[in-house]
>>> print(open('coords_8.tsv').read())   # TSV, N, CA and C atoms
chain	number	residue	atom	x	y	z
A	1	ASP	N	-24.78	10.70	9.17
A	1	ASP	CA	-24.63	11.72	8.16
A	1	ASP	C	-23.18	12.21	8.19
A	2	LEU	N	-22.50	12.07	7.08
A	2	LEU	CA	-21.10	12.47	7.01
A	2	LEU	C	-20.92	13.84	6.36
A	3	HIS	N	-22.01	14.53	6.09
A	3	HIS	CA	-21.93	15.84	5.46
A	3	HIS	C	-21.04	16.79	6.27
A	4	ARG	N	-19.96	17.23	5.68
A	4	ARG	CA	-19.00	18.16	6.28
A	4	ARG	C	-18.34	17.64	7.56
A	5	VAL	N	-18.25	16.32	7.71
A	5	VAL	CA	-17.65	15.74	8.92
A	5	VAL	C	-16.19	16.18	9.09
A	6	GLY	N	-15.52	16.49	7.99
A	6	GLY	CA	-14.14	16.96	8.07
A	6	GLY	C	-13.98	18.31	8.74
A	7	ASN	N	-15.08	19.03	8.87
A	7	ASN	CA	-15.04	20.34	9.52
A	7	ASN	C	-15.12	20.24	11.05
A	8	TYR	N	-15.66	19.15	11.57
A	8	TYR	CA	-15.89	19.12	13.01
A	8	TYR	C	-15.40	17.87	13.72
A	9	ARG	N	-14.80	16.92	13.03
A	9	ARG	CA	-14.20	15.76	13.68
A	9	ARG	C	-12.71	15.73	13.36
A	10	THR	N	-11.91	15.30	14.32
A	10	THR	CA	-10.47	15.27	14.16
A	10	THR	C	-9.99	13.87	13.78
A	11	THR	N	-8.76	13.78	13.36
A	11	THR	CA	-8.14	12.48	13.09
A	11	THR	C	-8.20	11.61	14.33
A	12	ASP	N	-7.89	12.18	15.47
A	12	ASP	CA	-7.92	11.45	16.74
A	12	ASP	C	-9.33	10.90	17.02
A	13	TRP	N	-10.35	11.71	16.79
A	13	TRP	CA	-11.73	11.26	17.01
A	13	TRP	C	-12.05	10.09	16.09
A	14	HIS	N	-11.72	10.21	14.81
A	14	HIS	CA	-12.00	9.13	13.85
A	14	HIS	C	-11.25	7.85	14.23
A	15	GLU	N	-9.99	7.99	14.63
A	15	GLU	CA	-9.21	6.81	15.03
A	15	GLU	C	-9.91	6.07	16.17
A	16	ASN	N	-10.28	6.79	17.19
A	16	ASN	CA	-10.94	6.18	18.34
A	16	ASN	C	-12.31	5.62	17.96
A	17	HIS	N	-13.06	6.34	17.15
A	17	HIS	CA	-14.40	5.92	16.76
A	17	HIS	C	-14.35	4.65	15.90
A	18	MET	N	-13.40	4.56	14.99
A	18	MET	CA	-13.31	3.38	14.13
A	18	MET	C	-12.81	2.15	14.90
A	19	LEU	N	-11.98	2.39	15.90
A	19	LEU	CA	-11.44	1.29	16.69
A	19	LEU	C	-12.49	0.73	17.65
A	20	GLU	N	-13.19	1.62	18.34
A	20	GLU	CA	-14.19	1.19	19.33
A	20	GLU	C	-15.33	2.21	19.36
A	21	PRO	N	-16.30	2.09	18.45
A	21	PRO	CA	-17.37	3.09	18.33
A	21	PRO	C	-18.12	3.39	19.62
A	22	THR	N	-18.43	2.37	20.42
A	22	THR	CA	-19.22	2.61	21.62
A	22	THR	C	-18.44	3.35	22.70
A	23	ALA	N	-17.13	3.35	22.63
A	23	ALA	CA	-16.32	4.12	23.58
A	23	ALA	C	-16.42	5.62	23.29
A	24	VAL	N	-16.75	5.95	22.05
A	24	VAL	CA	-16.84	7.36	21.64
A	24	VAL	C	-18.30	7.81	21.62
A	25	VAL	N	-19.17	6.94	21.14
A	25	VAL	CA	-20.59	7.25	21.05
A	25	VAL	C	-21.35	6.13	21.77
A	26	PRO	N	-21.62	6.30	23.06
A	26	PRO	CA	-22.32	5.26	23.81
A	26	PRO	C	-23.64	4.86	23.12
A	27	GLY	N	-23.87	3.56	23.04
A	27	GLY	CA	-25.08	3.06	22.41
A	27	GLY	C	-25.00	2.95	20.89
A	28	SER	N	-23.85	3.30	20.32
A	28	SER	CA	-23.70	3.22	18.87
A	28	SER	C	-23.91	1.80	18.37
A	29	ILE	N	-24.55	1.67	17.21
A	29	ILE	CA	-24.70	0.36	16.60
A	29	ILE	C	-23.66	0.14	15.49
A	30	MET	N	-22.81	1.12	15.28
A	30	MET	CA	-21.78	1.00	14.25
A	30	MET	C	-20.79	-0.10	14.64
A	31	PRO	N	-20.39	-0.95	13.69
A	31	PRO	CA	-19.41	-1.97	14.02
A	31	PRO	C	-18.01	-1.36	14.13
A	32	SER	N	-17.14	-2.08	14.77
A	32	SER	CA	-15.74	-1.67	14.85
A	32	SER	C	-15.06	-1.94	13.51
A	33	TYR	N	-14.08	-1.14	13.18
A	33	TYR	CA	-13.30	-1.31	11.96
A	33	TYR	C	-11.85	-1.66	12.30
A	34	LYS	N	-11.67	-2.49	13.31
A	34	LYS	CA	-10.32	-2.86	13.77
A	34	LYS	C	-9.47	-3.46	12.67
A	35	HIS	N	-10.09	-4.19	11.76
A	35	HIS	CA	-9.35	-4.81	10.66
A	35	HIS	C	-8.65	-3.78	9.78
A	36	GLN	N	-9.18	-2.57	9.72
A	36	GLN	CA	-8.56	-1.55	8.87
A	36	GLN	C	-7.27	-1.00	9.47
A	37	PHE	N	-7.01	-1.30	10.71
A	37	PHE	CA	-5.76	-0.88	11.33
A	37	PHE	C	-4.60	-1.77	10.90
A	38	SER	N	-4.90	-2.98	10.42
A	38	SER	CA	-3.83	-3.89	9.98
A	38	SER	C	-3.87	-4.18	8.48
A	39	ASN	N	-5.02	-4.03	7.84
A	39	ASN	CA	-5.09	-4.22	6.38
A	39	ASN	C	-4.36	-3.08	5.69
A	40	ILE	N	-3.58	-3.42	4.68
A	40	ILE	CA	-2.81	-2.41	3.95
A	40	ILE	C	-3.55	-2.03	2.67
A	41	ALA	N	-3.66	-0.74	2.42
A	41	ALA	CA	-4.34	-0.24	1.23
A	41	ALA	C	-3.53	-0.61	-0.02
A	42	ASP	N	-4.23	-0.93	-1.08
A	42	ASP	CA	-3.61	-1.30	-2.35
A	42	ASP	C	-3.59	-0.07	-3.26
A	43	ILE	N	-2.54	0.71	-3.13
A	43	ILE	CA	-2.43	1.97	-3.87
A	43	ILE	C	-2.32	1.72	-5.37
A	44	ASP	N	-1.61	0.66	-5.77
A	44	ASP	CA	-1.47	0.35	-7.20
A	44	ASP	C	-2.83	0.15	-7.85
A	45	THR	N	-3.70	-0.64	-7.22
A	45	THR	CA	-5.01	-0.91	-7.79
A	45	THR	C	-5.89	0.34	-7.76
A	46	ALA	N	-5.83	1.10	-6.67
A	46	ALA	CA	-6.63	2.33	-6.59
A	46	ALA	C	-6.23	3.30	-7.70
A	47	TRP	N	-4.92	3.44	-7.93
A	47	TRP	CA	-4.45	4.32	-9.00
A	47	TRP	C	-4.90	3.79	-10.36
A	48	ALA	N	-4.77	2.48	-10.58
A	48	ALA	CA	-5.16	1.89	-11.86
A	48	ALA	C	-6.65	2.10	-12.14
A	49	GLU	N	-7.47	1.97	-11.11
A	49	GLU	CA	-8.91	2.22	-11.30
A	49	GLU	C	-9.17	3.68	-11.66
A	50	ALA	N	-8.49	4.59	-11.00
A	50	ALA	CA	-8.67	6.01	-11.31
A	50	ALA	C	-8.16	6.32	-12.72
A	51	GLU	N	-7.07	5.73	-13.11
A	51	GLU	CA	-6.53	5.94	-14.46
A	51	GLU	C	-7.48	5.37	-15.51
A	52	THR	N	-8.10	4.25	-15.21
A	52	THR	CA	-9.09	3.67	-16.13
A	52	THR	C	-10.28	4.60	-16.29
A	53	VAL	N	-10.77	5.14	-15.19
A	53	VAL	CA	-11.90	6.07	-15.23
A	53	VAL	C	-11.51	7.32	-16.02
A	54	ARG	N	-10.29	7.80	-15.83
A	54	ARG	CA	-9.82	8.97	-16.57
A	54	ARG	C	-9.79	8.69	-18.06
A	55	THR	N	-9.27	7.54	-18.42
A	55	THR	CA	-9.12	7.19	-19.83
A	55	THR	C	-10.45	6.85	-20.50
A	56	VAL	N	-11.23	5.99	-19.87
A	56	VAL	CA	-12.46	5.49	-20.49
A	56	VAL	C	-13.59	6.51	-20.45
A	57	PHE	N	-13.72	7.21	-19.32
A	57	PHE	CA	-14.85	8.12	-19.14
A	57	PHE	C	-14.47	9.59	-19.20
A	58	ALA	N	-13.22	9.87	-19.54
A	58	ALA	CA	-12.74	11.25	-19.71
A	58	ALA	C	-12.89	12.10	-18.45
A	59	VAL	N	-12.73	11.48	-17.28
A	59	VAL	CA	-12.73	12.25	-16.03
A	59	VAL	C	-11.49	13.15	-16.08
A	60	PRO	N	-11.67	14.44	-15.85
A	60	PRO	CA	-10.56	15.38	-16.09
A	60	PRO	C	-9.51	15.46	-14.96
A	61	TYR	N	-9.04	14.30	-14.49
A	61	TYR	CA	-7.91	14.34	-13.56
A	61	TYR	C	-6.76	15.09	-14.24
A	62	ASN	N	-5.97	15.76	-13.45
A	62	ASN	CA	-4.80	16.51	-13.92
A	62	ASN	C	-5.15	17.83	-14.61
A	63	ALA	N	-6.42	18.13	-14.82
A	63	ALA	CA	-6.80	19.41	-15.40
A	63	ALA	C	-6.73	20.48	-14.33
A	64	PRO	N	-6.52	21.73	-14.71
A	64	PRO	CA	-6.47	22.81	-13.71
A	64	PRO	C	-7.73	22.83	-12.84
A	65	GLY	N	-7.54	22.90	-11.53
A	65	GLY	CA	-8.64	22.94	-10.59
A	65	GLY	C	-9.22	21.58	-10.25
A	66	MET	N	-8.69	20.54	-10.83
A	66	MET	CA	-9.18	19.18	-10.58
A	66	MET	C	-8.10	18.40	-9.82
A	67	PRO	N	-8.48	17.28	-9.20
A	67	PRO	CA	-7.47	16.47	-8.50
A	67	PRO	C	-6.40	15.98	-9.46
A	68	ALA	N	-5.17	15.97	-8.98
A	68	ALA	CA	-4.05	15.49	-9.80
A	68	ALA	C	-3.89	13.99	-9.60
A	69	LEU	N	-4.00	13.25	-10.68
A	69	LEU	CA	-3.78	11.81	-10.62
A	69	LEU	C	-2.29	11.52	-10.84
A	70	GLY	N	-1.72	12.14	-11.84
A	70	GLY	CA	-0.31	11.95	-12.13
A	70	GLY	C	0.02	10.51	-12.49
A	71	THR	N	1.29	10.20	-12.44
A	71	THR	CA	1.75	8.84	-12.72
A	71	THR	C	1.60	8.00	-11.45
A	72	LEU	N	1.76	6.70	-11.60
A	72	LEU	CA	1.69	5.82	-10.43
A	72	LEU	C	2.74	6.20	-9.41
A	73	ASP	N	3.96	6.47	-9.86
A	73	ASP	CA	5.02	6.84	-8.92
A	73	ASP	C	4.71	8.15	-8.21
A	74	GLU	N	4.17	9.13	-8.94
A	74	GLU	CA	3.78	10.40	-8.32
A	74	GLU	C	2.66	10.19	-7.30
A	75	ALA	N	1.72	9.34	-7.65
A	75	ALA	CA	0.60	9.07	-6.74
A	75	ALA	C	1.08	8.38	-5.47
A	76	LYS	N	2.01	7.45	-5.61
A	76	LYS	CA	2.54	6.77	-4.42
A	76	LYS	C	3.25	7.75	-3.49
A	77	ILE	N	4.02	8.65	-4.05
A	77	ILE	CA	4.74	9.64	-3.24
A	77	ILE	C	3.74	10.56	-2.54
A	78	ALA	N	2.77	11.09	-3.28
A	78	ALA	CA	1.78	12.01	-2.71
A	78	ALA	C	0.94	11.32	-1.64
A	79	THR	N	0.55	10.08	-1.89
A	79	THR	CA	-0.28	9.34	-0.94
A	79	THR	C	0.48	9.07	0.35
A	80	LEU	N	1.74	8.70	0.23
A	80	LEU	CA	2.54	8.44	1.43
A	80	LEU	C	2.76	9.73	2.23
A	81	GLU	N	2.96	10.84	1.56
A	81	GLU	CA	3.12	12.12	2.27
A	81	GLU	C	1.84	12.49	3.01
A	82	GLU	N	0.70	12.28	2.38
A	82	GLU	CA	-0.58	12.56	3.06
A	82	GLU	C	-0.77	11.62	4.24
A	83	ALA	N	-0.39	10.36	4.06
A	83	ALA	CA	-0.50	9.38	5.16
A	83	ALA	C	0.37	9.80	6.34
A	84	LYS	N	1.57	10.28	6.07
A	84	LYS	CA	2.47	10.73	7.15
A	84	LYS	C	1.84	11.88	7.93
A	85	ALA	N	1.18	12.78	7.24
A	85	ALA	CA	0.52	13.91	7.92
A	85	ALA	C	-0.63	13.41	8.80
A	86	ILE	N	-1.36	12.42	8.34
A	86	ILE	CA	-2.48	11.89	9.12
A	86	ILE	C	-1.98	11.15	10.35
A	87	VAL	N	-0.99	10.26	10.18
A	87	VAL	CA	-0.54	9.46	11.33
A	87	VAL	C	0.17	10.30	12.38
A	88	ALA	N	0.59	11.50	12.02
A	88	ALA	CA	1.19	12.39	13.01
A	88	ALA	C	0.19	12.71	14.12
A	89	ASP	N	-1.11	12.64	13.79
A	89	ASP	CA	-2.17	12.92	14.76
A	89	ASP	C	-2.82	11.66	15.31
A	90	MET	N	-2.24	10.50	15.02
A	90	MET	CA	-2.81	9.24	15.50
A	90	MET	C	-1.97	8.69	16.65
A	91	LYS	N	-2.58	7.80	17.43
A	91	LYS	CA	-1.91	7.20	18.58
A	91	LYS	C	-1.42	5.78	18.31
A	92	ASN	N	-2.07	5.05	17.41
A	92	ASN	CA	-1.78	3.64	17.18
A	92	ASN	C	-0.37	3.46	16.62
A	93	GLN	N	0.50	2.85	17.42
A	93	GLN	CA	1.90	2.72	17.03
A	93	GLN	C	2.10	1.79	15.84
A	94	SER	N	1.31	0.74	15.72
A	94	SER	CA	1.48	-0.16	14.57
A	94	SER	C	1.12	0.55	13.27
A	95	VAL	N	0.15	1.44	13.31
A	95	VAL	CA	-0.20	2.23	12.12
A	95	VAL	C	0.94	3.19	11.80
A	96	LYS	N	1.47	3.85	12.81
A	96	LYS	CA	2.61	4.75	12.60
A	96	LYS	C	3.80	4.01	12.01
A	97	ASP	N	4.08	2.81	12.54
A	97	ASP	CA	5.21	2.00	12.06
A	97	ASP	C	5.00	1.59	10.60
A	98	ALA	N	3.79	1.19	10.26
A	98	ALA	CA	3.50	0.78	8.88
A	98	ALA	C	3.78	1.93	7.91
A	99	VAL	N	3.31	3.13	8.24
A	99	VAL	CA	3.53	4.27	7.36
A	99	VAL	C	5.02	4.62	7.30
A	100	ALA	N	5.71	4.51	8.40
A	100	ALA	CA	7.16	4.76	8.41
A	100	ALA	C	7.89	3.77	7.49
A	101	ASN	N	7.30	2.58	7.31
A	101	ASN	CA	7.87	1.55	6.44
A	101	ASN	C	7.32	1.63	5.01
A	102	GLY	N	6.58	2.70	4.70
A	102	GLY	CA	6.08	2.90	3.34
A	102	GLY	C	4.77	2.22	3.02
A	103	GLN	N	4.10	1.68	4.02
A	103	GLN	CA	2.79	1.06	3.82
A	103	GLN	C	1.71	1.98	4.37
A	104	ILE	N	0.52	1.86	3.81
A	104	ILE	CA	-0.58	2.71	4.26
A	104	ILE	C	-1.75	1.82	4.70
A	105	PRO	N	-1.95	1.71	6.02
A	105	PRO	CA	-3.11	0.94	6.50
A	105	PRO	C	-4.41	1.57	6.01
A	106	GLU	N	-5.40	0.72	5.78
A	106	GLU	CA	-6.69	1.20	5.28
A	106	GLU	C	-7.30	2.28	6.16
A	107	ILE	N	-7.08	2.21	7.48
A	107	ILE	CA	-7.66	3.20	8.37
A	107	ILE	C	-7.15	4.61	8.04
A	108	VAL	N	-5.90	4.70	7.61
A	108	VAL	CA	-5.33	6.01	7.25
A	108	VAL	C	-6.04	6.55	6.01
A	109	ALA	N	-6.28	5.68	5.03
A	109	ALA	CA	-6.99	6.11	3.83
A	109	ALA	C	-8.42	6.53	4.17
A	110	LEU	N	-9.08	5.78	5.05
A	110	LEU	CA	-10.44	6.13	5.44
A	110	LEU	C	-10.47	7.46	6.18
A	111	ILE	N	-9.55	7.68	7.08
A	111	ILE	CA	-9.51	8.95	7.82
A	111	ILE	C	-9.20	10.11	6.87
A	112	ALA	N	-8.31	9.88	5.91
A	112	ALA	CA	-8.02	10.93	4.92
A	112	ALA	C	-9.29	11.32	4.16
A	113	TYR	N	-10.06	10.31	3.79
A	113	TYR	CA	-11.33	10.58	3.10
A	113	TYR	C	-12.28	11.36	4.01
A	114	LEU	N	-12.46	10.91	5.24
A	114	LEU	CA	-13.38	11.58	6.16
A	114	LEU	C	-12.94	13.00	6.46
A	115	ASN	N	-11.63	13.21	6.62
A	115	ASN	CA	-11.12	14.55	6.88
A	115	ASN	C	-11.35	15.49	5.69
A	116	GLY	N	-11.45	14.91	4.50
A	116	GLY	CA	-11.65	15.72	3.30
A	116	GLY	C	-13.10	16.10	3.03
A	117	LEU	N	-14.03	15.54	3.79
A	117	LEU	CA	-15.45	15.88	3.59
A	117	LEU	C	-15.76	17.20	4.27
A	118	LYS	N	-15.63	18.27	3.52
A	118	LYS	CA	-15.83	19.61	4.08
A	118	LYS	C	-16.84	20.40	3.29
>>> encode(input="coords_8.tsv", output="structure tokens")
Amino acid sequence: DLHRVGNYRTTDWHENHMLEPTAVVPGSIMPSYKHQFSNIADIDTAWAEAETVRTVFAVPYNAPGMPALGTLDEAKIATLEEAKAIVADMKNQSVKDAVANGQIPEIVALIAYLNGLK
């Protein structure tokens, strides 16, 4: 159950849990998500999908009180800034290096999502 998980789990906890679930929760049947530490998120496609949903289904991105989608360039800047804040609390050096080079590993995007469930 991920209901409000962002209120009681930290970035560090998620990093360790996704890398080696049984080290954090003995007996866990959850698989490891090690591949997400090296796979790079496709921000262009994610933005394009959100823009399509905004256009086709009139999802009110950019409206007051709603998430800001903005332009692709604005989204890339905002996403990288959020990624930098997340990796500041992570230990994995290859993930930190990727973000420093302007790439966002999938694990960072997943942790951002989990941290936002409040």
>>> select_by_dssp(input="coords_8.tsv", residues="chain A", states="helix (DSSP H, G or I)", output="PyMOL selection string")
chain A and resi 5-8+11-19+21-24+34-37+43-57+72-87+93-100+106-115
>>> residues_near_point(input="coords_8.tsv", point="(-7.3, 9.5, -12.9)", cutoff="8 Å", atoms="all atoms listed in the file", output="PDB file with N, CA and C atoms, in the coordinates of the input")
ATOM      1  N   TRP A  47      -4.920   3.440  -7.930  1.00  0.00           N
ATOM      2  CA  TRP A  47      -4.450   4.320  -9.000  1.00  0.00           C
ATOM      3  C   TRP A  47      -4.900   3.790 -10.360  1.00  0.00           C
ATOM      4  N   ALA A  48      -4.770   2.480 -10.580  1.00  0.00           N
ATOM      5  CA  ALA A  48      -5.160   1.890 -11.860  1.00  0.00           C
ATOM      6  C   ALA A  48      -6.650   2.100 -12.140  1.00  0.00           C
ATOM      7  N   GLU A  49      -7.470   1.970 -11.110  1.00  0.00           N
ATOM      8  CA  GLU A  49      -8.910   2.220 -11.300  1.00  0.00           C
ATOM      9  C   GLU A  49      -9.170   3.680 -11.660  1.00  0.00           C
ATOM     10  N   ALA A  50      -8.490   4.590 -11.000  1.00  0.00           N
ATOM     11  CA  ALA A  50      -8.670   6.010 -11.310  1.00  0.00           C
ATOM     12  C   ALA A  50      -8.160   6.320 -12.720  1.00  0.00           C
ATOM     13  N   GLU A  51      -7.070   5.730 -13.110  1.00  0.00           N
ATOM     14  CA  GLU A  51      -6.530   5.940 -14.460  1.00  0.00           C
ATOM     15  C   GLU A  51      -7.480   5.370 -15.510  1.00  0.00           C
ATOM     16  N   THR A  52      -8.100   4.250 -15.210  1.00  0.00           N
ATOM     17  CA  THR A  52      -9.090   3.670 -16.130  1.00  0.00           C
ATOM     18  C   THR A  52     -10.280   4.600 -16.290  1.00  0.00           C
ATOM     19  N   VAL A  53     -10.770   5.140 -15.190  1.00  0.00           N
ATOM     20  CA  VAL A  53     -11.900   6.070 -15.230  1.00  0.00           C
ATOM     21  C   VAL A  53     -11.510   7.320 -16.020  1.00  0.00           C
ATOM     22  N   ARG A  54     -10.290   7.800 -15.830  1.00  0.00           N
ATOM     23  CA  ARG A  54      -9.820   8.970 -16.570  1.00  0.00           C
ATOM     24  C   ARG A  54      -9.790   8.690 -18.060  1.00  0.00           C
ATOM     25  N   THR A  55      -9.270   7.540 -18.420  1.00  0.00           N
ATOM     26  CA  THR A  55      -9.120   7.190 -19.830  1.00  0.00           C
ATOM     27  C   THR A  55     -10.450   6.850 -20.500  1.00  0.00           C
ATOM     28  N   VAL A  59     -12.730  11.480 -17.280  1.00  0.00           N
ATOM     29  CA  VAL A  59     -12.730  12.250 -16.030  1.00  0.00           C
ATOM     30  C   VAL A  59     -11.490  13.150 -16.080  1.00  0.00           C
ATOM     31  N   PRO A  60     -11.670  14.440 -15.850  1.00  0.00           N
ATOM     32  CA  PRO A  60     -10.560  15.380 -16.090  1.00  0.00           C
ATOM     33  C   PRO A  60      -9.510  15.460 -14.960  1.00  0.00           C
ATOM     34  N   TYR A  61      -9.040  14.300 -14.490  1.00  0.00           N
ATOM     35  CA  TYR A  61      -7.910  14.340 -13.560  1.00  0.00           C
ATOM     36  C   TYR A  61      -6.760  15.090 -14.240  1.00  0.00           C
ATOM     37  N   ASN A  62      -5.970  15.760 -13.450  1.00  0.00           N
ATOM     38  CA  ASN A  62      -4.800  16.510 -13.920  1.00  0.00           C
ATOM     39  C   ASN A  62      -5.150  17.830 -14.610  1.00  0.00           C
ATOM     40  N   PRO A  67      -8.480  17.280  -9.200  1.00  0.00           N
ATOM     41  CA  PRO A  67      -7.470  16.470  -8.500  1.00  0.00           C
ATOM     42  C   PRO A  67      -6.400  15.980  -9.460  1.00  0.00           C
ATOM     43  N   ALA A  68      -5.170  15.970  -8.980  1.00  0.00           N
ATOM     44  CA  ALA A  68      -4.050  15.490  -9.800  1.00  0.00           C
ATOM     45  C   ALA A  68      -3.890  13.990  -9.600  1.00  0.00           C
ATOM     46  N   LEU A  69      -4.000  13.250 -10.680  1.00  0.00           N
ATOM     47  CA  LEU A  69      -3.780  11.810 -10.620  1.00  0.00           C
ATOM     48  C   LEU A  69      -2.290  11.520 -10.840  1.00  0.00           C
ATOM     49  N   GLY A  70      -1.720  12.140 -11.840  1.00  0.00           N
ATOM     50  CA  GLY A  70      -0.310  11.950 -12.130  1.00  0.00           C
ATOM     51  C   GLY A  70       0.020  10.510 -12.490  1.00  0.00           C
TER      52      GLY A  70
END
>>> residues_around(input="coords_8.tsv", residues="Val95 in chain A", least_positions_apart="4", cutoff="9 Å", atoms="only C-alpha atoms", output="JSON, numbers by chain")
{"A": [37, 38, 87, 90, 91, 99, 100, 103, 104, 105, 107, 108]}
>>> axis_aligned_box(input="coords_8.tsv", around="range 91-97 of chain A", padding_each_side="5 Å", output="JSON")
{"center_x": 1.3, "center_y": 3.8, "center_z": 14.6, "size_x": 17.8, "size_y": 18.0, "size_z": 18.0}
>>> atom_distance(input="coords_8.tsv", atom1="atom C of Ala85 in chain A", atom2="atom N of Ala109 in chain A")
10.3 Å
>>> closest_residue(input="coords_8.tsv", among="A:Met66, A:Val56, A:Ile40, A:Ile111", to="His14 in chain A", atoms="all atoms listed in the file")
A:Ile111
>>> closest_residue(input="coords_8.tsv", among="A:Gly102, A:Asp44, A:Ser94, A:Thr22", to="Asp73 in chain A", atoms="only C-alpha atoms")
A:Asp44
>>> closest_residue(input="coords_8.tsv", among="A:Leu72, A:Leu117, A:Ala58, A:Ala88", to="Asp12 in chain A", atoms="only C-alpha atoms")
A:Ala88
